[in-house]
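Below is one structure; the comments refer to it alone.
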Amino acid sequence: MGSVRSVAVGAVWLFVLSWFVAVVVAKSGGTASVPLTAKTFDKQIASHRLALVKFVAPWCGHCKRMKDDWDAAAKALSDQKGLLVGEVDATVETKLRDRFDIRGFPTIKLFVDGKPVADYNGERTTDALVSFVKRQMTVPVVLVNRSAEVASLAVNKERPRVVGYVPQTLSTEERAARQSQFEQVARSSRELFPELVFYQTSDLEAAHALGVDAHPQLTKETAAVVVVRPHSESESVHERTHIFPWDASAETKADQGNGGDKAEPLQQFIRLHAAPLVGEISQTTAELYQDIGNPLFIMFEDAPHKPEEKGTSIMKSMAKKYRTRISFVMANAGTLARFREYIGCTDGKRFAIHVLGEDSNYIYDGPTDESSISKFIADYLAGNLKPTLRSEEPPADNSGPVRIVVGKTWNEIVMDPQKDVFVEQYAPWCGHCRSLEPAYDELARKLASVKTLVIAKMDATKNDAPGEHKARGFPTLILFPAGKDKKAVRYEGDRSVSDMMSFIQKHATHKFTIPDGASSKESEKDEL
């Protein structure tokens, strides 16, 4: 039997992007997709201007389902000069898997001039793949030589734009390096942020004509990237203009606005400052905010927001103050009802901080005024708030072989220093959890006579474990040995009665003898 596989849960994009189900339509015909190995990879990638590469595993169901669409897309693109469509069996080519940090299948990467510039996360259909590649084949940056050319470009000042200024005083090699870097950033950014327009110029007057107003850091001799948000934002010119001093590595400290001071790479800087002052979390924007990586301050609304509404104006005011450290977004309470329930922002509550990665939540339940909300955010940033933990009410009868844990009884049951506690965090909709249930119930029955041991479970879609013990996948199985420290030991073995029993016996503080007949293998389950 192999290792346990879990269903990843928790991050905001799971709930937003889970609405989307790619429709896979089988297509006939051959393939123009080139198999790549560690020996051929670099030569093949370097000999093509663009390369779209799929990393797969033969056992992966998603890979199998998209094969026909991938092959059809490769065939449809076979006449594109300078393009390679290839694939890597990551179970064989482990050096390539590790080199590109492949953690899931299929992973599709775009390479430009031999360098990886973006992951493809769109629909796994022929049409979507072909459209993506054809977009990438076009030049992503508009080159402007003189200010007189700007008038003919019909610059839409209602769209966010990025202006790369490369002064003529730089050497030819330095200008070429920045142009290549700028193009790569533009390619990777426009899939997440399709409204974003990239311009590059070596003429300072042209930069000003593109909407870059005078800025003390922008001089005739200084290379810089300037992000300009639309005029429609309720900000002054300087509030919506952000400048990145562009050294060769593009890792310098940037103008972070109000409050931020950490070094940001060019790509992150652009996405952070090009995003709307107050955005909307949805299927199309979730990946952008995931990529930015800031905590989200969310306002749930029952209807589309209006600029003059009180909550909207407060959000904009708070965003001006904290946007480099927190992303401010509106969320449709109806469309995102499942996500709203998941983070616990219910019973009339409208505001919450959701921390991506940690999957922790801080629910605001105070007055709807700017001063109170600002203090809530400031307290969070200062580390003065504790995450909000969801909890159902404890069951009236909890005498079964498997003890039921809820958020508010976690410490009482799981952290009881007198007991060894083996607890499952599950989701009712999780197929792996449902498959585990018979074996887990049998485990509890067979060890019911061990009075120093508790077998427990908790519905993690309605209850939260504290801090680092919160489930990152379903099912999550953890043993908390008896004792003062209760140091958690995660179970990563097979989901069989005998293996779980052996694990508990090995790691429990209170040693016990397995009851007669309890070690039989008749109840073992096949790998899920």
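Following the order of the structure tokens, chains are lettered A, B, ..., residues in each are numbered from 1, and ligands are numbered from 1.
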Next item on the list: Excluding stretch 221-230 of chain A and any residue of its chain fewer than 3 positions from it, enumerate the residues within 8 Å of it, using only C-alpha atoms, and give them as JSON, numbers by chain.
Entry: {"A": [157, 158, 159, 160, 161, 162, 163, 164, 165, 166, 167, 168, 169, 211, 212, 217, 218, 233, 240, 241, 242, 243, 244, 245, 246, 247, 270, 273, 274, 275, 276]}
Check: Contacts of A:Asn463 at 6 Å or less, counting only C-alpha atoms, minus same-chain residues fewer than 5 places along, as a list in words?
Finding: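 Here the qualifying residues turn out to be Arg390, Ser391, Val406 and Gly407 of chain A.
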File dump, residues just selected, N, CA and C atoms, as a short mmCIF file (atom, residue, chain, number, x, y, z; two decimals), in the first residue's frame:
```cif
data_model
loop_
_atom_site.label_atom_id
_atom_site.label_comp_id
_atom_site.auth_asym_id
_atom_site.auth_seq_id
_atom_site.Cartn_x
_atom_site.Cartn_y
_atom_site.Cartn_z
N ARG A 390 -14.03 28.75 14.82
CA ARG A 390 -15.43 28.36 14.69
C ARG A 390 -15.73 27.15 15.58
N SER A 391 -16.97 27.03 15.99
CA SER A 391 -17.36 25.88 16.80
C SER A 391 -18.86 25.63 16.71
N VAL A 406 -15.68 19.43 19.07
CA VAL A 406 -16.03 20.68 18.38
C VAL A 406 -14.99 21.72 18.79
N GLY A 407 -15.03 22.87 18.14
CA GLY A 407 -14.00 23.88 18.40
C GLY A 407 -13.83 24.21 19.86
#
```
Item checked: Neighbour list for A:Pro140 as an NGL selection string, cut-off 7 Å, only C-alpha atoms, skip fewer than 6 positions in-chain -> :A and (183 or 186-187 or 198)
Stretch 456-460 of chain A: which residues within 9 Å, counting only C-alpha atoms, same-chain residues fewer than 2 positions away excluded, as a CSV table (one decimal) with C-alpha atoms, in the first residue's frame?
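Produced file part12.csv, reproduced below:
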```csv
chain,number,residue,atom,x,y,z
A,401,PRO,CA,-16.6,4.8,20.8
A,402,VAL,CA,-15.6,7.8,18.6
A,403,ARG,CA,-15.7,11.0,20.7
A,404,ILE,CA,-17.1,14.0,18.9
A,405,VAL,CA,-14.9,17.1,19.2
A,406,VAL,CA,-16.0,20.7,18.4
A,407,GLY,CA,-14.0,23.9,18.4
A,410,TRP,CA,-10.8,20.9,21.6
A,413,ILE,CA,-10.8,16.6,25.0
A,414,VAL,CA,-7.8,16.6,22.7
A,421,VAL,CA,-5.8,11.2,21.9
A,422,PHE,CA,-6.0,10.2,18.3
A,423,VAL,CA,-8.2,12.7,16.4
A,424,GLU,CA,-9.4,12.9,12.8
A,425,GLN,CA,-10.3,16.2,11.2
A,426,TYR,CA,-12.7,15.5,8.3
A,427,ALA,CA,-15.1,17.1,5.8
A,428,PRO,CA,-18.5,15.5,5.2
A,444,ALA,CA,-12.4,2.9,18.1
A,454,VAL,CA,-9.4,8.5,23.2
A,462,LYS,CA,-17.6,23.8,10.9
A,463,ASN,CA,-15.0,23.7,13.7
A,464,ASP,CA,-11.4,25.0,13.9
A,465,ALA,CA,-8.5,23.4,15.6
A,470,LYS,CA,-5.7,23.1,11.8
A,471,ALA,CA,-6.2,20.7,9.0
A,474,PHE,CA,-8.8,15.9,4.6
A,477,LEU,CA,-5.1,12.3,11.5
```
Checklist line | Point-to-point distance in Å for atom CA of A:Arg350 and atom CA of A:Ile281 | finding: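 The value is 14.3 Å.
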At most 12 Å is the cut-off: for each residue in stretch 378-421 of chain A with any atom that close to an atom of stretch 508-518 of chain A, write down the nearest atom pair and the distance in Å rounded to one decimal, counting only C-alpha atoms, chain first then increasing number, as a Markdown table.
```
| residue | atom | partner | partner_atom | distance |
| --- | --- | --- | --- | --- |
| A:Pro417 | CA | A:Thr509 | CA | 10.2 |
| A:Gln418 | CA | A:His510 | CA | 9.2 |
| A:Lys419 | CA | A:His510 | CA | 8.0 |
| A:Asp420 | CA | A:Ala508 | CA | 5.9 |
| A:Val421 | CA | A:Ala508 | CA | 8.5 |
```
Given the selection you just returned, output its residues as a file containing N, CA and C atoms, formatted as a PDB file, in the first residue's frame.
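Saved as result_27.pdb:
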```
ATOM      1  N   PRO A 417      -4.182  16.271  29.373  1.00  0.00           N
ATOM      2  CA  PRO A 417      -2.842  15.722  29.611  1.00  0.00           C
ATOM      3  C   PRO A 417      -2.850  14.293  30.129  1.00  0.00           C
ATOM      4  N   GLN A 418      -3.998  13.820  30.612  1.00  0.00           N
ATOM      5  CA  GLN A 418      -4.080  12.465  31.161  1.00  0.00           C
ATOM      6  C   GLN A 418      -4.327  11.407  30.087  1.00  0.00           C
ATOM      7  N   LYS A 419      -4.672  11.837  28.876  1.00  0.00           N
ATOM      8  CA  LYS A 419      -5.088  10.891  27.847  1.00  0.00           C
ATOM      9  C   LYS A 419      -4.211  10.983  26.596  1.00  0.00           C
ATOM     10  N   ASP A 420      -4.001   9.835  25.962  1.00  0.00           N
ATOM     11  CA  ASP A 420      -3.512   9.802  24.587  1.00  0.00           C
ATOM     12  C   ASP A 420      -4.734   9.978  23.689  1.00  0.00           C
ATOM     13  N   VAL A 421      -4.674  10.923  22.760  1.00  0.00           N
ATOM     14  CA  VAL A 421      -5.846  11.224  21.937  1.00  0.00           C
ATOM     15  C   VAL A 421      -5.472  11.154  20.458  1.00  0.00           C
TER      16      VAL A 421
END
```
Notebook entry, point to check: Of the candidates A:Lys134, A:Arg325, A:Lys39, A:Lys115, which one gets nearest to A:Leu83 if we count only C-alpha atoms?
Noted result: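 Counting only C-alpha atoms, the residue closest to A:Leu83 is A:Lys134.
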Notebook entry, point to check: Where does DSSP see helix (DSSP H, G or I) in stretch 101-240 of chain A, if you list the residues as a PyMOL selection string?
Noted result: chain A and resi 126-137+147-153+172-192+204-209
Margin query: One number please: atom CA of A:Cys63 to atom CA of A:Leu356, in Å, one decimal.
Written below: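 Atom-to-atom, atom CA of A:Cys63 to atom CA of A:Leu356, that is 27.3 Å.
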